[in-house]
$ cat structure_0.txt   # compact mmCIF, C-alpha atoms
# COMPACT_ATOMS: atom_id res chain seq x y z
CA MET D 1 78.90 88.31 100.33
CA ARG D 2 80.68 90.10 103.16
CA ASP D 3 79.87 89.20 106.76
CA LEU D 4 77.65 91.99 108.14
CA SER D 5 78.80 91.46 111.72
CA LEU D 6 82.45 91.71 110.65
CA THR D 7 81.68 94.89 108.69
CA ILE D 8 80.12 96.42 111.80
CA ARG D 9 83.00 95.34 114.03
CA MET D 10 85.61 96.62 111.62
CA GLY D 11 83.68 99.89 111.34
CA ILE D 12 83.72 100.27 115.12
CA ALA D 13 87.40 99.37 115.27
CA SER D 14 88.19 101.92 112.54
CA THR D 15 86.23 104.59 114.41
CA VAL D 16 88.06 103.85 117.65
CA LEU D 17 91.43 103.89 115.86
CA MET D 18 90.60 107.19 114.16
CA GLY D 19 89.52 108.56 117.53
CA VAL D 20 92.86 107.60 119.05
CA TYR D 21 94.71 109.24 116.18
CA ALA D 22 92.56 112.36 116.62
CA LEU D 23 93.51 112.57 120.30
CA ILE D 24 97.17 112.15 119.39
CA GLY D 25 96.77 114.91 116.80
CA LEU D 26 95.20 117.24 119.39
CA LEU D 27 98.04 116.49 121.77
CA LEU D 28 100.62 117.29 119.10
CA PHE D 29 98.74 120.50 118.34
CA ALA D 30 98.75 121.48 122.01
CA ILE D 31 102.48 120.81 122.25
CA GLY D 32 103.78 122.37 119.04
CA GLY D 33 100.98 123.97 117.07
CA ILE D 34 99.20 123.19 113.80
CA TRP D 35 102.26 122.26 111.73
CA VAL D 36 103.52 119.79 114.34
CA ALA D 37 100.09 118.11 114.24
CA VAL D 38 99.80 118.18 110.44
CA VAL D 39 103.27 116.74 109.90
CA GLY D 40 103.62 114.64 113.03
CA LEU D 41 100.42 112.58 112.87
CA PRO D 42 100.89 111.22 109.30
CA LEU D 43 104.54 110.62 110.10
CA LEU D 44 103.51 108.62 113.16
CA VAL D 45 101.17 106.42 111.09
CA VAL D 46 103.82 105.81 108.42
CA LEU D 47 106.51 105.01 110.98
CA GLN D 48 104.10 102.78 112.89
CA TYR D 49 103.33 100.80 109.72
CA LEU D 50 106.98 100.55 108.68
CA ILE D 51 108.22 99.49 112.12
CA THR D 52 105.48 97.06 113.06
CA VAL D 53 104.75 95.44 109.71
CA GLN D 54 107.23 96.25 106.97
CA PHE D 55 110.54 96.34 108.85
CA PRO D 56 110.31 92.73 110.11
CA LEU D 57 109.44 91.71 106.56
CA TRP D 58 112.46 93.48 105.09
CA THR D 59 114.73 91.60 107.47
CA GLU D 60 113.50 88.24 106.19
CA GLU D 61 114.50 86.59 102.95
CA SER D 62 111.50 86.26 100.64
CA ARG D 63 110.85 85.86 96.92
CA GLU D 64 107.76 85.89 94.73
CA ILE D 65 106.13 82.54 93.96
CA THR D 66 105.66 82.54 90.18
CA PRO D 67 103.32 80.31 88.13
CA GLU D 68 106.44 78.53 86.89
CA ASP D 69 107.48 77.77 90.48
CA HIS D 70 104.12 76.38 91.59
CA PRO D 71 101.59 76.16 88.70
CA GLU D 72 98.99 74.14 90.64
CA LEU D 73 98.97 76.59 93.53
CA HIS D 74 98.56 79.51 91.12
CA ASP D 75 95.69 77.75 89.32
CA ARG D 76 93.88 77.36 92.61
CA ALA D 77 94.74 80.93 93.64
CA ASP D 78 93.16 82.16 90.39
CA ARG D 79 89.96 80.38 91.26
CA ILE D 80 89.97 81.63 94.85
CA ALA D 81 90.45 85.24 93.72
CA ASP D 82 87.58 84.82 91.27
CA GLU D 83 85.28 83.39 93.91
CA LEU D 84 86.13 86.16 96.42
CA ASP D 85 85.86 88.73 93.62
CA ILE D 86 89.26 90.35 94.23
CA PRO D 87 92.31 90.91 92.00
CA LYS D 88 94.70 88.02 92.54
CA PRO D 89 97.32 89.06 95.14
CA LYS D 90 100.98 88.29 94.60
CA MET D 91 102.29 85.38 96.68
CA TYR D 92 105.71 85.30 98.32
CA LEU D 93 107.76 82.54 99.94
CA ILE D 94 109.64 83.40 103.12
CA GLU D 95 112.71 81.28 103.81
CA SER D 96 111.70 80.21 107.29
CA ASP D 97 110.74 76.99 109.04
CA ARG D 98 107.68 78.65 110.57
CA LEU D 99 104.32 77.07 109.88
CA ASN D 100 102.54 80.31 109.18
CA ALA D 101 101.22 82.74 106.60
CA PHE D 102 100.03 86.34 106.58
CA ALA D 103 98.61 89.00 104.25
CA LEU D 104 99.59 92.63 103.82
CA GLY D 105 97.94 95.44 101.91
CA ARG D 106 94.49 96.01 100.48
CA ARG D 107 92.24 94.00 98.19
CA GLY D 108 93.55 95.78 95.09
CA SER D 109 97.24 95.62 95.94
CA GLY D 110 97.62 92.83 98.46
CA LYS D 111 100.44 90.40 99.08
CA VAL D 112 100.27 86.99 100.71
CA PHE D 113 103.35 85.53 102.39
CA LEU D 114 103.83 81.82 102.99
CA HIS D 115 106.65 80.44 105.12
CA ARG D 116 108.59 77.61 103.52
CA GLY D 117 107.89 75.38 106.53
CA LEU D 118 104.17 75.72 105.87
CA VAL D 119 104.48 74.99 102.15
CA GLN D 120 106.63 71.93 102.80
CA ARG D 121 104.46 70.45 105.54
CA MET D 122 101.04 71.03 103.99
CA SER D 123 99.53 69.18 101.05
CA LEU D 124 98.08 71.25 98.21
CA ASP D 125 94.54 70.56 99.45
CA GLU D 126 95.57 71.88 102.89
CA LEU D 127 97.52 74.83 101.53
CA GLU D 128 94.63 75.97 99.29
CA PRO D 129 92.23 76.95 102.13
CA ILE D 130 95.11 78.65 103.99
CA VAL D 131 95.79 80.81 100.93
CA ALA D 132 92.04 81.46 100.65
CA HIS D 133 92.01 82.50 104.33
CA GLU D 134 94.64 85.15 103.63
CA PHE D 135 92.87 86.28 100.45
CA ALA D 136 89.71 86.68 102.56
CA HIS D 137 91.54 89.03 104.94
CA LEU D 138 92.47 91.21 101.97
CA ARG D 139 88.91 91.10 100.66
CA ASN D 140 87.61 92.09 104.11
CA ARG D 141 90.26 94.86 104.42
CA ASP D 142 91.18 93.90 107.97
CA SER D 143 94.91 93.02 107.83
CA ILE D 144 96.37 96.53 108.02
CA LEU D 145 93.76 97.68 110.53
CA MET D 146 94.69 94.87 112.92
CA GLY D 147 98.42 95.49 112.50
CA LEU D 148 98.02 99.19 113.28
CA GLY D 149 95.46 98.54 116.00
CA THR D 150 97.68 96.13 117.88
CA SER D 151 100.71 98.43 117.80
CA ILE D 152 98.76 101.61 118.69
CA VAL D 153 97.86 100.02 122.02
CA THR D 154 101.47 100.20 123.16
CA ILE D 155 101.88 103.73 121.82
CA VAL D 156 98.79 105.01 123.65
CA SER D 157 99.55 103.34 126.98
CA SER D 158 103.20 104.37 126.88
CA GLY D 159 102.23 107.93 125.88
CA LEU D 160 99.83 108.19 128.79
CA PHE D 161 102.50 107.09 131.26
CA ILE D 162 104.98 109.61 129.81
CA LEU D 163 102.39 112.42 130.19
CA PHE D 164 101.83 111.54 133.85
CA LEU D 165 105.60 111.30 134.32
CA LEU D 166 106.08 114.79 132.89
CA ALA D 167 103.21 116.11 135.01
CA SER D 168 104.81 114.65 138.12
CA LEU D 169 107.80 116.97 137.69
CA ASP D 170 105.64 119.94 138.76
CA SER D 171 103.60 118.02 141.32
CA ASP D 172 103.86 118.27 145.09
CA ARG D 173 103.51 114.48 145.23
CA PRO D 174 105.42 113.14 142.22
CA TRP D 175 105.34 109.57 143.44
CA LEU D 176 101.51 109.63 143.61
CA MET D 177 101.25 111.13 140.12
CA ARG D 178 103.56 108.45 138.74
CA LEU D 179 101.61 105.70 140.52
CA VAL D 180 98.33 106.99 139.09
CA GLY D 181 99.95 107.24 135.66
CA ALA D 182 101.15 103.65 135.82
CA ALA D 183 97.69 102.44 136.88
CA VAL D 184 95.92 104.40 134.13
CA SER D 185 98.45 103.20 131.54
CA VAL D 186 98.00 99.55 132.54
CA CYS D 187 94.19 99.79 132.54
CA VAL D 188 94.04 101.51 129.15
CA HIS D 189 96.51 99.00 127.72
CA PHE D 190 94.42 96.10 129.03
CA PHE D 191 91.04 97.35 127.79
CA LEU D 192 92.39 98.29 124.36
CA LEU D 193 93.93 94.82 124.02
CA VAL D 194 90.60 93.23 125.00
CA PHE D 195 88.85 95.28 122.32
CA VAL D 196 91.44 94.47 119.64
CA GLY D 197 91.35 90.79 120.62
CA MET D 198 87.55 90.58 120.31
CA VAL D 199 87.62 92.04 116.79
CA SER D 200 90.65 90.02 115.73
CA ARG D 201 89.30 86.66 116.90
CA TYR D 202 86.02 87.20 115.07
CA ARG D 203 87.76 88.17 111.83
CA GLU D 204 89.74 84.90 111.97
CA TYR D 205 86.50 82.91 112.17
CA VAL D 206 85.10 84.85 109.21
CA ALA D 207 88.26 84.31 107.14
CA ASP D 208 88.14 80.56 107.90
CA GLU D 209 84.52 80.35 106.79
CA ASP D 210 85.13 82.47 103.68
CA ALA D 211 88.05 80.17 102.81
CA VAL D 212 86.14 76.89 102.99
CA ARG D 213 83.17 78.36 101.13
CA ALA D 214 85.45 79.65 98.37
CA THR D 215 87.36 76.37 98.01
CA GLY D 216 84.99 73.70 99.30
CA ARG D 217 88.03 72.28 101.16
CA TYR D 218 86.46 71.60 104.55
CA ASP D 219 88.64 68.52 105.02
CA GLY D 220 91.72 70.45 103.88
CA MET D 221 91.18 73.29 106.33
CA ARG D 222 90.41 70.93 109.18
CA SER D 223 93.48 68.81 108.41
CA ALA D 224 95.71 71.92 108.20
CA LEU D 225 94.48 73.22 111.56
CA GLU D 226 94.95 69.79 113.14
CA LYS D 227 98.54 69.67 111.88
CA LEU D 228 99.19 73.09 113.39
CA ARG D 229 97.61 72.00 116.65
CA SER D 230 99.92 69.02 116.85
CA GLU D 231 103.02 71.16 116.25
CA LYS D 232 105.19 72.03 119.21
CA ARG D 233 105.87 75.72 119.76
CA ARG D 234 108.90 76.90 117.79
CA VAL D 235 111.45 79.34 119.15
CA ASP D 236 111.26 81.77 116.21
CA ASP D 237 107.47 81.94 116.52
CA VAL D 238 107.72 82.78 120.21
CA ASP D 239 109.72 85.88 119.26
CA MET D 240 107.18 87.12 116.67
CA SER D 241 105.99 90.66 117.36
CA ALA D 242 102.44 91.18 118.56
CA SER D 243 101.48 93.16 115.44
CA ARG D 244 102.84 90.50 113.11
CA SER D 245 101.24 87.74 115.18
CA ALA D 246 97.87 89.51 114.89
CA ILE D 247 97.90 89.32 111.09
CA SER D 248 99.25 85.77 110.82
CA PHE D 249 97.24 82.65 110.00
CA VAL D 250 97.83 81.20 113.45
CA ASP D 251 99.35 82.58 116.65
CA PHE D 252 102.00 80.28 118.09
CA SER D 253 103.46 82.86 120.43
CA GLY D 254 101.63 81.99 123.60
CA GLY D 255 102.74 85.38 124.85
CA ILE D 256 99.25 86.24 126.08
CA ALA D 257 98.02 83.58 128.45
CA SER D 258 94.42 84.68 128.66
CA SER D 259 92.05 83.84 125.81
CA LEU D 260 90.40 87.18 126.57
CA LEU D 261 93.44 88.99 125.15
CA ALA D 262 94.36 86.57 122.37
CA THR D 263 94.30 87.80 118.76
CA HIS D 264 93.38 84.31 117.48
CA PRO D 265 90.76 81.81 118.63
CA SER D 266 92.10 78.50 119.86
CA LEU D 267 92.74 75.93 117.14
CA ASP D 268 90.21 73.63 118.81
CA LYS D 269 87.48 76.27 118.43
CA ARG D 270 88.43 76.96 114.82
CA ILE D 271 88.29 73.26 113.98
CA SER D 272 84.91 72.92 115.71
CA ARG D 273 83.46 75.82 113.72
CA ILE D 274 84.70 74.32 110.45
CA GLU D 275 83.15 70.96 111.33
CA ARG D 276 79.85 72.63 112.25
CA LEU D 277 79.85 74.65 109.02
CA GLU D 278 80.59 71.52 106.99
CA SER D 279 77.74 69.69 108.73
CA GLU D 280 75.32 72.54 108.02
CA THR D 281 76.37 72.64 104.37
CA GLU D 282 75.89 68.89 104.02
CA GLU D 283 72.45 69.14 105.62
CA ILE D 284 71.40 71.84 103.15
CA SER D 285 72.67 69.75 100.22
CA GLU D 286 70.95 66.66 101.54
CA THR D 287 67.70 68.57 102.02
CA GLY D 288 67.85 69.74 98.40
CA ARG D 289 68.57 66.21 97.18
CA VAL D 290 65.78 64.70 99.26
CA SER D 291 63.32 67.38 98.13
CA SER D 292 64.19 66.65 94.53
CA GLN D 293 63.75 62.93 95.03
CA GLU D 294 60.47 63.45 96.87
CA ALA D 295 59.22 65.47 93.92
CA VAL D 296 60.22 62.64 91.63
CA ASP D 297 58.53 60.01 93.79
CA ALA D 298 55.39 62.10 94.20
CA SER D 299 54.95 62.44 90.47
CA GLY D 300 54.37 58.77 89.89
CA THR D 301 55.30 55.27 90.89
CA ASN D 302 57.91 55.06 88.13
CA ALA D 303 60.81 57.57 87.94
CA SER D 304 60.63 57.47 84.16
CA ALA D 305 57.17 59.03 84.35
CA THR D 306 58.62 62.20 85.96
CA THR D 307 59.79 65.04 83.74
CA LEU D 308 62.28 67.78 84.49
CA SER D 309 59.79 70.54 83.70
CA GLU D 310 57.61 69.40 86.62
CA LEU D 311 60.31 70.28 89.16
CA SER D 312 60.97 73.63 90.81
CA ASP D 313 64.20 75.40 89.85
CA ASP D 314 65.97 74.25 93.03
CA GLN D 315 64.81 70.66 92.53
CA LEU D 316 65.69 70.80 88.84
CA LEU D 317 69.23 72.02 89.53
CA ALA D 318 69.68 69.38 92.26
CA THR D 319 68.54 66.71 89.80
CA LEU D 320 70.90 67.96 87.07
CA GLN D 321 73.80 68.04 89.51
CA SER D 322 73.08 64.46 90.57
CA MET D 323 73.41 63.17 86.99
CA ASP D 324 76.62 61.54 85.90
CA GLU D 325 78.71 63.23 83.21
CA TYR D 326 77.35 61.03 80.42
CA GLU D 327 73.71 61.81 81.29
CA PHE D 328 74.29 65.52 81.61
CA GLU D 329 76.21 65.84 78.35
CA HIS D 330 73.45 63.99 76.49
CA LEU D 331 70.79 66.17 78.12
CA VAL D 332 72.61 69.29 76.87
CA ALA D 333 72.84 67.73 73.40
CA GLU D 334 69.08 67.03 73.46
CA LEU D 335 68.36 70.63 74.42
CA TRP D 336 70.35 71.94 71.47
CA ASN D 337 68.61 69.40 69.22
CA GLU D 338 65.25 70.79 70.31
CA ILE D 339 66.22 74.35 69.36
CA GLY D 340 67.29 73.31 65.88
CA TRP D 341 70.88 72.10 66.09
CA ARG D 342 72.35 68.80 64.94
CA THR D 343 74.45 67.55 67.84
CA SER D 344 76.98 64.86 68.64
CA VAL D 345 78.44 63.97 72.04
CA THR D 346 82.15 63.28 71.93
CA THR D 347 83.59 60.17 73.55
CA ALA D 348 85.80 60.57 76.59
CA SER D 349 88.85 59.19 74.81
CA VAL D 350 88.87 61.85 72.09
CA ASP D 351 86.92 64.79 73.53
CA ARG D 352 89.97 67.09 73.93
CA GLY D 353 87.89 69.18 76.30
CA ILE D 354 84.90 69.23 73.93
CA ASP D 355 81.72 67.64 75.28
CA VAL D 356 79.15 68.45 72.58
CA ILE D 357 79.47 69.62 68.98
CA ALA D 358 76.38 71.41 67.62
CA GLU D 359 75.99 72.20 63.91
CA GLN D 360 73.36 73.92 61.80
CA ASP D 361 73.02 74.29 58.02
CA SER D 362 70.22 76.86 57.81
CA PRO D 363 70.07 79.80 57.35
CA PHE D 364 73.84 79.38 56.94
CA PRO D 365 76.42 76.82 58.14
CA GLN D 366 77.30 77.23 61.82
CA LYS D 367 79.23 75.23 64.39
CA GLN D 368 79.19 75.51 68.18
CA ILE D 369 81.42 73.72 70.68
CA ILE D 370 79.86 73.11 74.10
CA GLN D 371 81.57 72.37 77.41
CA ALA D 372 79.15 70.93 80.02
CA LYS D 373 80.02 71.33 83.72
CA ARG D 374 77.98 69.80 86.54
CA TYR D 375 78.98 72.28 89.23
CA SER D 376 77.16 73.33 92.39
CA SER D 377 76.54 76.98 93.27
CA ASP D 378 79.37 76.69 95.82
CA ASN D 379 81.78 75.67 93.07
CA PRO D 380 81.59 78.36 90.36
CA VAL D 381 83.36 78.22 87.02
CA SER D 382 86.45 80.44 87.30
CA SER D 383 88.04 82.89 84.88
CA SER D 384 91.01 80.57 84.34
CA GLU D 385 88.63 77.79 83.22
CA VAL D 386 86.83 80.15 80.83
CA GLN D 387 90.19 81.24 79.45
CA GLN D 388 91.09 77.59 78.94
CA TYR D 389 87.82 76.88 77.14
CA ALA D 390 88.44 79.86 74.84
CA GLY D 391 91.29 77.77 73.45
CA LEU D 392 88.70 75.36 72.03
CA TYR D 393 88.31 77.72 69.08
CA ALA D 394 91.62 76.39 67.81
CA GLN D 395 90.72 72.70 68.20
CA GLU D 396 88.03 72.55 65.50
CA ASP D 397 87.72 74.13 62.08
CA ASP D 398 85.13 76.85 61.39
CA VAL D 399 83.98 77.23 65.00
CA ASP D 400 81.45 80.05 65.37
CA ALA D 401 80.92 79.89 69.13
CA VAL D 402 82.30 78.25 72.26
CA ILE D 403 79.64 77.78 74.94
CA VAL D 404 80.12 76.79 78.58
CA VAL D 405 77.02 75.31 80.23
CA THR D 406 77.01 74.80 83.99
CA THR D 407 74.45 73.77 86.57
CA GLY D 408 76.10 76.27 88.94
CA ARG D 409 77.30 79.79 88.28
CA PHE D 410 80.24 81.80 87.01
CA THR D 411 82.47 84.16 88.98
CA SER D 412 82.28 87.84 88.05
CA ASN D 413 85.82 87.69 86.69
CA ALA D 414 84.85 84.67 84.58
CA SER D 415 82.03 86.68 83.03
CA GLU D 416 84.45 89.48 82.17
CA VAL D 417 86.95 87.05 80.62
CA ALA D 418 84.12 85.44 78.63
CA VAL D 419 83.25 88.77 77.03
CA ASP D 420 86.88 89.41 76.10
CA SER D 421 87.37 85.82 74.83
CA ASN D 422 84.07 85.56 72.93
CA VAL D 423 82.88 82.63 75.07
CA LYS D 424 79.15 82.36 75.70
CA LEU D 425 78.03 81.39 79.21
CA VAL D 426 74.92 79.49 80.31
CA ASP D 427 74.55 79.24 84.11
CA GLY D 428 72.14 77.16 86.17
CA ASP D 429 69.32 79.72 86.00
CA ASP D 430 69.70 80.04 82.22
CA LEU D 431 69.70 76.27 81.90
CA CYS D 432 66.43 75.96 83.84
CA LYS D 433 64.82 78.62 81.62
CA LEU D 434 66.03 76.84 78.48
CA ILE D 435 64.57 73.51 79.62
CA ARG D 436 61.19 75.16 80.25
CA GLU D 437 61.26 77.18 77.02
CA VAL D 438 61.91 74.05 74.97
CA ASP D 439 58.61 72.81 76.37
CA ARG D 440 59.47 69.17 75.95
CA ASP D 441 58.99 66.54 78.63
CA PHE D 442 62.57 65.39 79.27
CA SER D 443 62.25 62.14 81.17
CA LEU D 444 64.54 61.57 84.14
CA ALA D 445 65.16 58.11 82.77
CA ASP D 446 66.46 59.37 79.41
$ encode --input "structure_0.txt" --output "structure tokens"
Amino acid sequence: MRDLSLTIRMGIASTVLMGVYALIGLLLFAIGGIWVAVVGLPLLVVLQYLITVQFPLWTEESREITPEDHPELHDRADRIADELDIPKPKMYLIESDRLNAFALGRRGSGKVFLHRGLVQRMSLDELEPIVAHEFAHLRNRDSILMGLGTSIVTIVSSGLFILFLLASLDSDRPWLMRLVGAAVSVCVHFFLLVFVGMVSRYREYVADEDAVRATGRYDGMRSALEKLRSEKRRVDDVDMSASRSAISFVDFSGGIASSLLATHPSLDKRISRIERLESETEEISETGRVSSQEAVDASGTNASATTLSELSDDQLLATLQSMDEYEFEHLVAELWNEIGWRTSVTTASVDRGIDVIAEQDSPFPQKQIIQAKRYSSDNPVSSSEVQQYAGLYAQEDDVDAVIVVTTGRFTSNASEVAVDSNVKLVDGDDLCKLIREVDRDFSLAD
């Protein structure tokens, strides 16, 4: 779910940017007529994008990171893209010692760039939330807007000064006109930077939070930010352009002393927000666990006297998620037994990714292979996992259906892959309904 406050802020920023472009278009029209405005304004936007974003990229050596180069990173990127519900962006490695990353493009055609220094210094668990952070920027469509917004500030302030300078040529007091022009230019430049900074800092917080929610890597994100905090400023990062700095994972430049004008929050504040978010998430999980246990305790003095059907859906899911793998697999097998299947739970040493085999002789021979996943709602089953489970068709003879049962949920991309791969999905809500429909008192001690 997109952050409503970010959506509003980005909408305001887009409106302001469009307003600036409209004023520039009117100025071009006043100077040279309709064709100058029609041709000049789009040309300005294209040149602005090429100069501020693309040109610095073209001057750096980069190559695409393929699944063969880094299979584990791509596996995690698949899952992140599924969770954020975006097409997976291409990832590129920039041959640089910088500890940074940035995203370019839109959610449907985005690219994420990682500097070699970052990849080498970060563990995979630290790199994963950084990649998710950049994916979140593409999902939120804020990367290009910030790049253009930062660079348009200089164009507007410089243009205003040039206009006053030209006006001073016909003025009786040219020095006064130039002084006023300089003051207006500085004030406009300052206030536009304050506005861009406010929007940019907030979008960084949102991308951090989206990243840890998509990956569950609170420790990884915190550790990555702490490593960056401990790094000394590097010379090549000091020289990074303002527009490129605005779309990077972290701003090392230090070029703007005041936090009021900074495009990124301080690393200390980002770490504090991650820690607070982690604490809130743990409290919610603990509340759910305690509520489930209280329901169990309230049902009788002996836990074995409590049945799953007596719990609410939230308590039921919390209870299922608290089971160990053995208990959950056997519960799934019991459910299928109750609806008329003959089941067997495979042993860990020979399961080959198969948890339960369900067979039926009437009205005709059938065989189902079941994969049971005890996942939370914050850890959905991804499309790459569903694709992997589709391969179970080849592991057993005469398989009629492959079924994935989870206590959590599936990403939207996973659901699409399941349809194409003929894999049946049972999420947490479906599982709760099935337990109640069976209408059997499953004991928590079973």
$ closest_residue --input "structure_0.txt" --among "D:Ser382, D:Asn100, D:Ser248, D:Ser376" --to "Thr319 (chain D)" --atoms "all atoms listed in the file"
D:Ser376
$ closest_residue --input "structure_0.txt" --among "D:Glu385, D:Asp313, D:Asp219, D:Asp361" --to "Asp429 (chain D)" --atoms "only C-alpha atoms"
D:Asp313
$ residues_around --input "structure_0.txt" --residues "Ser377 (chain D)" --least-positions-apart "2" --cutoff "9 Å" --atoms "all atoms listed in the file" --output "JSON, numbers by chain"
{"D": [375, 379, 380, 407, 408, 409, 410, 428]}
$ closest_residue --input "structure_0.txt" --among "D:Ser421, D:Ser157, D:Gly108, D:Ser185" --to "Ile24 (chain D)" --atoms "only C-alpha atoms"
D:Ser157
$ residues_around --input "structure_0.txt" --residues "region 329-336 of chain D" --least-positions-apart "5" --cutoff "7 Å" --atoms "only C-alpha atoms" --output "PyMOL selection string"
chain D and resi 341+343-345+355-356+372
$ atom_distance --input "structure_0.txt" --atom1 "CA of Leu193 (chain D)" --atom2 "CA of Gly19 (chain D)"
15.8 Å
$ build_atoms --input "structure_0.txt" --residues "region 397-403 of chain D" --atoms "all heavy atoms" --output "tab-separated table (two decimals), keeping the file's coordinate frame"
chain	number	residue	atom	x	y	z
D	397	ASP	N	87.79	73.19	63.20
D	397	ASP	CA	87.72	74.13	62.08
D	397	ASP	C	86.36	74.83	62.05
D	397	ASP	O	85.33	74.23	62.38
D	397	ASP	CB	87.94	73.40	60.75
D	397	ASP	CG	89.34	72.80	60.65
D	397	ASP	OD1	90.26	73.39	61.27
D	397	ASP	OD2	89.49	71.75	60.00
D	398	ASP	N	86.37	76.09	61.64
D	398	ASP	CA	85.13	76.85	61.39
D	398	ASP	C	84.21	76.89	62.60
D	398	ASP	O	82.99	76.71	62.50
D	398	ASP	CB	84.37	76.25	60.19
D	398	ASP	CG	85.22	76.22	58.93
D	398	ASP	OD1	85.99	77.18	58.73
D	398	ASP	OD2	85.11	75.24	58.17
D	399	VAL	N	84.78	77.13	63.78
D	399	VAL	CA	83.98	77.23	65.00
D	399	VAL	C	83.41	78.65	65.12
D	399	VAL	O	84.15	79.63	65.08
D	399	VAL	CB	84.81	76.90	66.25
D	399	VAL	CG1	83.99	77.12	67.52
D	399	VAL	CG2	85.30	75.47	66.18
D	400	ASP	N	82.09	78.74	65.24
D	400	ASP	CA	81.45	80.05	65.37
D	400	ASP	C	81.26	80.48	66.82
D	400	ASP	O	81.18	81.68	67.10
D	400	ASP	CB	80.08	80.01	64.68
D	400	ASP	CG	80.21	79.77	63.19
D	400	ASP	OD1	80.67	80.68	62.48
D	400	ASP	OD2	79.88	78.65	62.74
D	401	ALA	N	81.15	79.53	67.73
D	401	ALA	CA	80.92	79.89	69.13
D	401	ALA	C	81.40	78.77	70.05
D	401	ALA	O	81.23	77.58	69.74
D	401	ALA	CB	79.45	80.19	69.38
D	402	VAL	N	81.99	79.17	71.16
D	402	VAL	CA	82.30	78.25	72.26
D	402	VAL	C	81.34	78.59	73.39
D	402	VAL	O	81.22	79.75	73.79
D	402	VAL	CB	83.76	78.39	72.72
D	402	VAL	CG1	83.99	77.59	74.01
D	402	VAL	CG2	84.72	77.92	71.64
D	403	ILE	N	80.65	77.57	73.90
D	403	ILE	CA	79.64	77.78	74.94
D	403	ILE	C	79.98	76.93	76.15
D	403	ILE	O	80.30	75.74	76.02
D	403	ILE	CB	78.23	77.41	74.43
D	403	ILE	CG1	77.90	78.21	73.16
D	403	ILE	CG2	77.18	77.64	75.50
D	403	ILE	CD1	76.59	77.81	72.51
